[in-house]
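K.L.:
Here's a structure for you.
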Amino acid sequence: MEFLDLTIRELHNELVKKTVTPLELVREALLRAKSDANNAFELIMEKEALNLASKLKEPEANNLFWGIPFAIKDNFSTKDVATTASSNILNGYVPVFDAAVVKRLLDAKAIPIAKTTLDELAMGGSGTTGHLGTTYNPYDRKREHLIGGSSCGSAASVAASIVPFALGSDTGDSIRKPASYAGLVGFKPTWGRISRFGLFPFATSLDHVGYFTRSIFDAASLLNILAGRDDEDSTSSEVPVEDYTRLLTTDIRGARIAVIKEVVESIYDKDIGAAFQKTLASLRARGAHIEYVSIDRKLLESLFPTYIVISCAEATSNNANLDGIKFGPHYEAPTYEGTIMQARTKGFSELIKRRFVIGSFCLMKENQEVLFLRAQKIRRMVVEKITAILSDFDVIFVPASPTPAPRIGEMSDRLSDEYLIADNHMIIGNFAGLPSITLPIGFKKNLPFGGNITGSPFAEARVLQIAKVVEDISGFYNLSTRTAKV
Amino acid sequence: MKAIDKEVLKDAAKRLLFDMSEAEYDTLLSEFDIIVKQMNIIGTIEGVESYEPMTFPFECATSYLREDAPTRPLAREEALKNAKSKASGQIKLPKVVG
């Protein structure tokens with residue numbers, strides 16, 4: 001096994017023992033990044049990464065992130081490093097500051113080696129709509145399967161062991177769905193737990209910062225350094241940060257786990273169903289109390305349309321600053337409206353324009369009551385239902401996706417339960433701002449799939465505890481295309 | 001809900017300050033067939049009228065005024081760094097009046 005095939009904690013141990021140096025690690029990561037065949041990267045930060053690594057000489061035994069290479073989704077601002085959010089309207093844009101999470105990792109002496117691809121402006125779930133084209137699932141060397149999005153490049157770079165972790169963002173399930181398709185741990189903590197300062201906003205009331213790792217311990221470690229109040233983000237929380245790694249335990253006797261019956265019933269893939277039931281049985285054997293709970297099917301079917309209305313409406317205003325004047329490609333025109341019109345017409349892809357039009361339509365005076373406000377009311381209805389369930393349970397556990405990674409171009413019926421419920425239930429975590437984690441629970445042929453655990457606001461420690469036990473049960477610790485035995 | 005036709009979509013795009021090709025409007029119009037069916041589900045949920053619209057997952061906690069002192073000023077060079085059209089230390093736009 002080569003060094004980069006290790007987890008953050010394992011790598012840290014090697015760095016402290018001086019069996020490898022940050023410079024050697026970064027060189028290896030850059031080599032792997034350059035030979036990436038999955039379109040995972042917007043930009044490889046070779047010069048910057050080598051420069052940072054060459055300055056690190058004496059290991060810091062108490063700093064898990066010292067000298068650890070990582071990748072950043074390209075919708076986080078990085079000072080002096082071009083950032084496009086995979087959209088042509090931001091080609092050439094070079095931020096003048098670092099996002100809060102990037103700064104925290106730099107302060108911890110972790111080393112960013114690349115900016116990763118995403119669905120344009122993070123507004124997609126397939127990993128096929130960025131301006132560099134489709135990002136492929138590393139588990140399929142024929143490049144016929146999606147990895148999912150929008151955090152596609154970050155997922156691909158961790159799954160292929162180019163880096164041990166990568167930053168992502170999650171507005172609908174943009175970390176947790178690709179994590180399922182890529183056999184990774186994908187964690188989105190509570191809304192407000194991690195600062196969003198420097199994250200390009202898509203839908204402010206739903207956007208979360210999160211990340212991909214290959215172990216639950218690493219996910220807990222990252223939360224230890226990324227969580228906490230940031231005055232630059234007025235929505236970041238004052239709730240005290242815990243020591244999430246210290247709180248990890250394998251004792252879950254008495255843990256109360258809810259399973260949403262309608263979600264499980266909407267999954268027709270027998271392998272996923274069987275792996276999920278097997279995991280439930282093992283949890284029960286370890287002393288967890290498992291109970292099926294029910295949510296009105298109509299309410300679940302309304303999740304996706306409600307999400308589309310709210311997210312597209314918020315996106316139209318959040319992206320109003322993309323005008324080709326202050327940054328991005330500029331077009332001369334007789335009027336400033338003409339300049340903006342040209343920049344936006346040429347800069348946005350068709351898909352993004354369609355989403356903006358949907359948002360604008362929902363905000364039209366005649367539609368505000370029946371679409372936008374109604375969607376916001378349904379959101380509260382969903383959140384109250386979930387809050388009631390979580391008042392009686394530690395977590396909700398369900399399969400993260402109805403299938404392993406779909407083939408590129410494969411479309412499911414957009415009005416079926418499999419699509420509306422099983423493929424979109426993780427939106428609940430964004431509506432309610434809940435800590436929610438996906439981790440691998442099985443394989444179908446050569447493709448992994450995950451389970452999803454969601455807890456109460458700021459109950460990250462409990463979510464991670466139960467996730468750790470699921471990791472022990474599945475045995476899928478440090479899963480990557482280099483370590484998977486499939 | 002407002003009836004949807006190509007003119008409505010063109011009006012929406014115009015408000016958003018971009019344009020699309022006729023073929024793209026046609027695609028969007030057909031996409032709206034499914035979107036409307038999905039949005040109709042929203043209309044079938046009973047009892048929703050008694051709920052207050054939810055704009056954020058939680059109440060935002062920030063309620064303080066910081067000292068009225070600059071903390072992170074943006075230098076002029078940095079503010080202009082990404083603008084392509086500029087003159088005399090400012091971003092330059094076409095004349096609005098006269």
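So you can find residues: chains in the structure tokens are A, B, ... in the order shown, residues in each start at 1, and ligands are numbered from 1 in order.
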Near chain A, meaning an atom within 8 Å, which residues of chain B appear when counting only C-alpha atoms? Write them as a PyMOL selection string.

P.N.:
chain B and resi 1-2+9+12-13+15-20+24+28+34-35+37-39+41-45+48-49+51-58+60-62+78+80+82-85+91+93-96

K.L.:
Next, the residues of the selection above should be written as a compact mmCIF listing (two decimals), in the first residue's frame with N, CA and C atoms.

P.N.:
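Below is the file again_38.txt, written as the result:
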```
# COMPACT_ATOMS: atom_id res chain seq x y z
N MET B 1 -51.81 29.15 -10.50
CA MET B 1 -50.50 29.32 -11.12
C MET B 1 -50.65 29.97 -12.49
N LYS B 2 -49.75 30.86 -12.81
CA LYS B 2 -49.79 31.54 -14.11
C LYS B 2 -49.61 30.51 -15.23
N LEU B 9 -41.96 32.49 -20.51
CA LEU B 9 -40.58 32.08 -20.26
C LEU B 9 -39.60 33.14 -20.75
N ALA B 12 -39.49 35.84 -18.27
CA ALA B 12 -38.69 35.45 -17.09
C ALA B 12 -37.21 35.59 -17.40
N ALA B 13 -36.78 35.13 -18.57
CA ALA B 13 -35.36 35.21 -18.95
C ALA B 13 -34.93 36.68 -19.05
N ARG B 15 -36.11 39.22 -17.43
CA ARG B 15 -35.95 39.77 -16.07
C ARG B 15 -34.61 39.34 -15.47
N LEU B 16 -34.16 38.15 -15.88
CA LEU B 16 -32.89 37.63 -15.36
C LEU B 16 -31.69 38.13 -16.15
N LEU B 17 -31.93 38.97 -17.13
CA LEU B 17 -30.87 39.54 -17.97
C LEU B 17 -30.03 38.48 -18.68
N PHE B 18 -30.71 37.54 -19.31
CA PHE B 18 -30.04 36.69 -20.30
C PHE B 18 -31.05 36.28 -21.35
N ASP B 19 -30.54 35.74 -22.44
CA ASP B 19 -31.43 35.27 -23.50
C ASP B 19 -31.14 33.81 -23.79
N MET B 20 -32.08 33.18 -24.43
CA MET B 20 -31.90 31.78 -24.82
C MET B 20 -32.33 31.65 -26.28
N GLU B 24 -33.81 26.35 -27.20
CA GLU B 24 -33.70 26.21 -25.74
C GLU B 24 -35.02 26.52 -25.05
N LEU B 28 -37.19 24.02 -22.68
CA LEU B 28 -37.66 24.46 -21.36
C LEU B 28 -39.17 24.31 -21.24
N ILE B 34 -43.26 18.43 -17.03
CA ILE B 34 -42.99 17.58 -15.86
C ILE B 34 -42.94 18.43 -14.59
N ILE B 35 -42.30 19.59 -14.70
CA ILE B 35 -42.18 20.45 -13.51
C ILE B 35 -43.57 20.81 -12.98
N LYS B 37 -46.31 19.13 -13.31
CA LYS B 37 -46.91 17.95 -12.65
C LYS B 37 -46.30 17.77 -11.25
N GLN B 38 -44.99 17.99 -11.14
CA GLN B 38 -44.36 17.87 -9.82
C GLN B 38 -44.87 18.97 -8.88
N MET B 39 -45.00 20.18 -9.43
CA MET B 39 -45.46 21.29 -8.57
C MET B 39 -46.92 21.11 -8.16
N ILE B 41 -48.11 18.48 -7.15
CA ILE B 41 -48.09 17.68 -5.91
C ILE B 41 -48.11 18.63 -4.72
N ILE B 42 -47.36 19.74 -4.86
CA ILE B 42 -47.33 20.73 -3.77
C ILE B 42 -48.74 21.19 -3.44
N GLY B 43 -49.56 21.32 -4.48
CA GLY B 43 -50.92 21.81 -4.28
C GLY B 43 -51.85 20.81 -3.63
N THR B 44 -51.43 19.52 -3.59
CA THR B 44 -52.35 18.51 -3.07
C THR B 44 -52.16 18.24 -1.57
N ILE B 45 -51.13 18.82 -0.97
CA ILE B 45 -50.89 18.57 0.46
C ILE B 45 -51.96 19.27 1.29
N VAL B 48 -51.78 22.53 4.73
CA VAL B 48 -50.55 23.32 4.67
C VAL B 48 -50.80 24.79 5.01
N GLU B 49 -52.02 25.24 4.79
CA GLU B 49 -52.32 26.67 5.00
C GLU B 49 -52.09 27.12 6.44
N TYR B 51 -49.64 26.44 8.27
CA TYR B 51 -48.21 26.55 8.61
C TYR B 51 -47.65 27.90 8.17
N GLU B 52 -46.70 28.39 8.96
CA GLU B 52 -45.99 29.62 8.59
C GLU B 52 -44.89 29.28 7.58
N PRO B 53 -44.65 30.14 6.58
CA PRO B 53 -43.54 29.86 5.65
C PRO B 53 -42.22 29.77 6.42
N MET B 54 -41.36 28.84 6.00
CA MET B 54 -40.07 28.65 6.67
C MET B 54 -38.97 29.19 5.76
N THR B 55 -38.25 30.18 6.25
CA THR B 55 -37.22 30.79 5.41
C THR B 55 -35.82 30.31 5.75
N PHE B 56 -35.59 29.88 6.97
CA PHE B 56 -34.30 29.33 7.38
C PHE B 56 -34.54 28.15 8.33
N PRO B 57 -33.60 27.20 8.39
CA PRO B 57 -33.81 26.05 9.28
C PRO B 57 -33.97 26.46 10.74
N PHE B 58 -33.18 27.44 11.18
CA PHE B 58 -33.28 27.91 12.57
C PHE B 58 -33.31 29.42 12.57
N CYS B 60 -31.66 32.74 13.17
CA CYS B 60 -30.23 33.08 13.13
C CYS B 60 -29.85 33.76 14.45
N ALA B 61 -28.68 33.39 14.95
CA ALA B 61 -28.31 33.81 16.29
C ALA B 61 -27.66 35.19 16.34
N THR B 62 -27.12 35.65 15.22
CA THR B 62 -26.33 36.87 15.27
C THR B 62 -27.18 38.09 15.60
N GLU B 78 -7.09 45.34 -5.23
CA GLU B 78 -7.78 44.05 -5.12
C GLU B 78 -9.21 44.16 -5.64
N LEU B 80 -10.29 46.03 -7.89
CA LEU B 80 -10.29 46.19 -9.35
C LEU B 80 -9.65 45.00 -10.08
N ASN B 82 -10.23 41.93 -10.67
CA ASN B 82 -10.96 41.06 -11.58
C ASN B 82 -11.83 41.80 -12.60
N ALA B 83 -11.88 43.12 -12.51
CA ALA B 83 -12.70 43.88 -13.46
C ALA B 83 -11.90 44.08 -14.75
N LYS B 84 -12.55 43.84 -15.89
CA LYS B 84 -11.83 43.95 -17.16
C LYS B 84 -11.88 45.37 -17.72
N SER B 85 -12.94 46.11 -17.39
CA SER B 85 -13.09 47.47 -17.94
C SER B 85 -12.92 48.47 -16.79
N ILE B 91 -14.12 51.09 -11.80
CA ILE B 91 -14.70 50.23 -12.83
C ILE B 91 -15.45 51.12 -13.82
N LEU B 93 -18.07 51.80 -16.90
CA LEU B 93 -19.27 51.28 -17.56
C LEU B 93 -19.71 52.23 -18.66
N PRO B 94 -20.53 51.75 -19.61
CA PRO B 94 -21.08 52.68 -20.61
C PRO B 94 -21.88 53.78 -19.91
N LYS B 95 -21.94 54.95 -20.53
CA LYS B 95 -22.71 56.07 -19.96
C LYS B 95 -24.17 55.70 -19.79
N VAL B 96 -24.74 56.10 -18.66
CA VAL B 96 -26.15 55.83 -18.43
C VAL B 96 -26.99 57.02 -18.88
```

K.L.:
Give me the residues near Arg214 (chain A) as a count of residues only, where near means some atom within 9 Å (using only C-alpha atoms) and where sequence neighbours in that chain fewer than 5 positions away do not count.

P.N.:
18

K.L.:
Measuring between only C-alpha atoms, which one of B:Glu59, B:Asp5, B:Glu77, B:Asp68 shows the shortest distance to Tyr25 (chain B)?

P.N.:
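Counting only C-alpha atoms, the residue closest to Tyr25 (chain B) is B:Asp5.
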
K.L.:
When you look at Glu265 (chain A) with a cut-off of 12 Å (counting only C-alpha atoms), what residues show up, excluding the ones that are within fewer than 5 positions of it in the same chain? I need them as a list in words.

P.N.:
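What passes the distance filter is Val259, Ile260, Lys270, Ile272, Gly273, Tyr292, Val293, Ser294, Ile295, Arg297, Val398, Pro399, Pro402, Asp417, Glu418, Ile421 and Ala422 of chain A.
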
K.L.:
Just N, CA and C atoms for this one: save the residues we selected as an mmCIF file, in the first residue's frame.

P.N.:
```cif
data_model
loop_
_atom_site.group_PDB
_atom_site.id
_atom_site.type_symbol
_atom_site.label_atom_id
_atom_site.label_comp_id
_atom_site.auth_asym_id
_atom_site.auth_seq_id
_atom_site.Cartn_x
_atom_site.Cartn_y
_atom_site.Cartn_z
ATOM 1 N N VAL A 259 -36.317 4.143 11.089
ATOM 2 C CA VAL A 259 -36.191 3.859 9.655
ATOM 3 C C VAL A 259 -37.481 4.338 8.993
ATOM 4 N N ILE A 260 -37.359 5.168 7.977
ATOM 5 C CA ILE A 260 -38.578 5.685 7.325
ATOM 6 C C ILE A 260 -39.106 4.619 6.354
ATOM 7 N N LYS A 270 -32.773 -4.998 -5.126
ATOM 8 C CA LYS A 270 -32.740 -6.055 -4.099
ATOM 9 C C LYS A 270 -31.419 -6.069 -3.335
ATOM 10 N N ILE A 272 -29.443 -3.531 -2.642
ATOM 11 C CA ILE A 272 -29.420 -2.432 -1.672
ATOM 12 C C ILE A 272 -30.342 -2.760 -0.498
ATOM 13 N N GLY A 273 -31.512 -3.285 -0.811
ATOM 14 C CA GLY A 273 -32.457 -3.666 0.240
ATOM 15 C C GLY A 273 -31.834 -4.687 1.187
ATOM 16 N N TYR A 292 -39.529 1.133 12.691
ATOM 17 C CA TYR A 292 -39.986 1.773 11.460
ATOM 18 C C TYR A 292 -40.965 2.893 11.807
ATOM 19 N N VAL A 293 -40.783 4.047 11.150
ATOM 20 C CA VAL A 293 -41.725 5.160 11.334
ATOM 21 C C VAL A 293 -42.305 5.511 9.973
ATOM 22 N N SER A 294 -43.438 6.180 10.002
ATOM 23 C CA SER A 294 -44.132 6.464 8.751
ATOM 24 C C SER A 294 -44.267 7.968 8.520
ATOM 25 N N ILE A 295 -44.090 8.378 7.279
ATOM 26 C CA ILE A 295 -44.345 9.773 6.899
ATOM 27 C C ILE A 295 -45.305 9.738 5.718
ATOM 28 N N ARG A 297 -46.957 9.742 2.439
ATOM 29 C CA ARG A 297 -46.300 9.555 1.141
ATOM 30 C C ARG A 297 -46.371 10.833 0.283
ATOM 31 N N VAL A 398 -31.484 5.344 6.705
ATOM 32 C CA VAL A 398 -32.133 4.879 5.468
ATOM 33 C C VAL A 398 -31.056 4.653 4.395
ATOM 34 N N PRO A 399 -31.374 3.896 3.342
ATOM 35 C CA PRO A 399 -30.425 3.824 2.221
ATOM 36 C C PRO A 399 -30.260 5.219 1.605
ATOM 37 N N PRO A 402 -31.425 4.956 -4.278
ATOM 38 C CA PRO A 402 -32.199 3.763 -4.649
ATOM 39 C C PRO A 402 -31.419 2.779 -5.506
ATOM 40 N N ASP A 417 -42.213 7.089 -7.503
ATOM 41 C CA ASP A 417 -41.815 7.106 -6.096
ATOM 42 C C ASP A 417 -40.321 6.873 -5.953
ATOM 43 N N GLU A 418 -39.797 6.020 -6.853
ATOM 44 C CA GLU A 418 -38.365 5.741 -6.768
ATOM 45 C C GLU A 418 -37.587 7.041 -6.933
ATOM 46 N N ILE A 421 -39.193 9.961 -4.042
ATOM 47 C CA ILE A 421 -38.943 9.643 -2.624
ATOM 48 C C ILE A 421 -37.541 9.068 -2.418
ATOM 49 N N ALA A 422 -37.268 7.909 -3.060
ATOM 50 C CA ALA A 422 -36.007 7.214 -2.748
ATOM 51 C C ALA A 422 -34.779 7.974 -3.240
#
```

K.L.:
Between CA of Ala53 (chain A) and CA of Asn75 (chain A), what is the distance in Å, rounded to a tenth?

P.N.:
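Computing it gives 23.7 Å between the two atoms.
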
K.L.:
What parts of chain B does DSSP call strand (DSSP E or B)? I'd like the answer as a short mmCIF file (atom, residue, chain, number, x, y, z; two decimals) with C-alpha atoms, in the first residue's frame.

P.N.:
```cif
data_model
loop_
_atom_site.label_atom_id
_atom_site.label_comp_id
_atom_site.auth_asym_id
_atom_site.auth_seq_id
_atom_site.Cartn_x
_atom_site.Cartn_y
_atom_site.Cartn_z
CA LYS B 86 -11.59 50.16 -15.73
CA ALA B 87 -10.26 53.69 -15.84
CA GLN B 90 -12.56 52.78 -11.01
CA ILE B 91 -14.70 50.23 -12.83
#
```

K.L.:
Would you mind reading off the distance between CA of Ala255 (chain A) and CA of Leu464 (chain A), one decimal, in Å?

P.N.:
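Computing the Euclidean distance for CA of Ala255 (chain A) and CA of Leu464 (chain A) yields 12.5 Å.
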
K.L.:
Step one, run DSSP on the backbone; step two, keep only residues of region 255-475 of chain A assigned to alpha helix (DSSP H); then write them as JSON, numbers by chain.

P.N.:
{"A": [261, 262, 263, 264, 265, 270, 271, 272, 273, 274, 275, 276, 277, 278, 279, 280, 281, 282, 283, 284, 285, 297, 298, 299, 300, 301, 303, 304, 305, 306, 307, 308, 309, 310, 311, 312, 313, 314, 315, 316, 317, 318, 336, 337, 338, 339, 340, 341, 342, 343, 344, 345, 346, 347, 350, 351, 352, 353, 354, 355, 356, 357, 358, 359, 360, 361, 362, 363, 374, 375, 376, 377, 378, 379, 380, 381, 382, 383, 384, 385, 386, 387, 388, 389, 390, 417, 427, 428, 429, 430, 431, 460, 461, 462, 463, 464, 465, 466, 467, 468, 469, 470, 471, 472, 473, 474]}
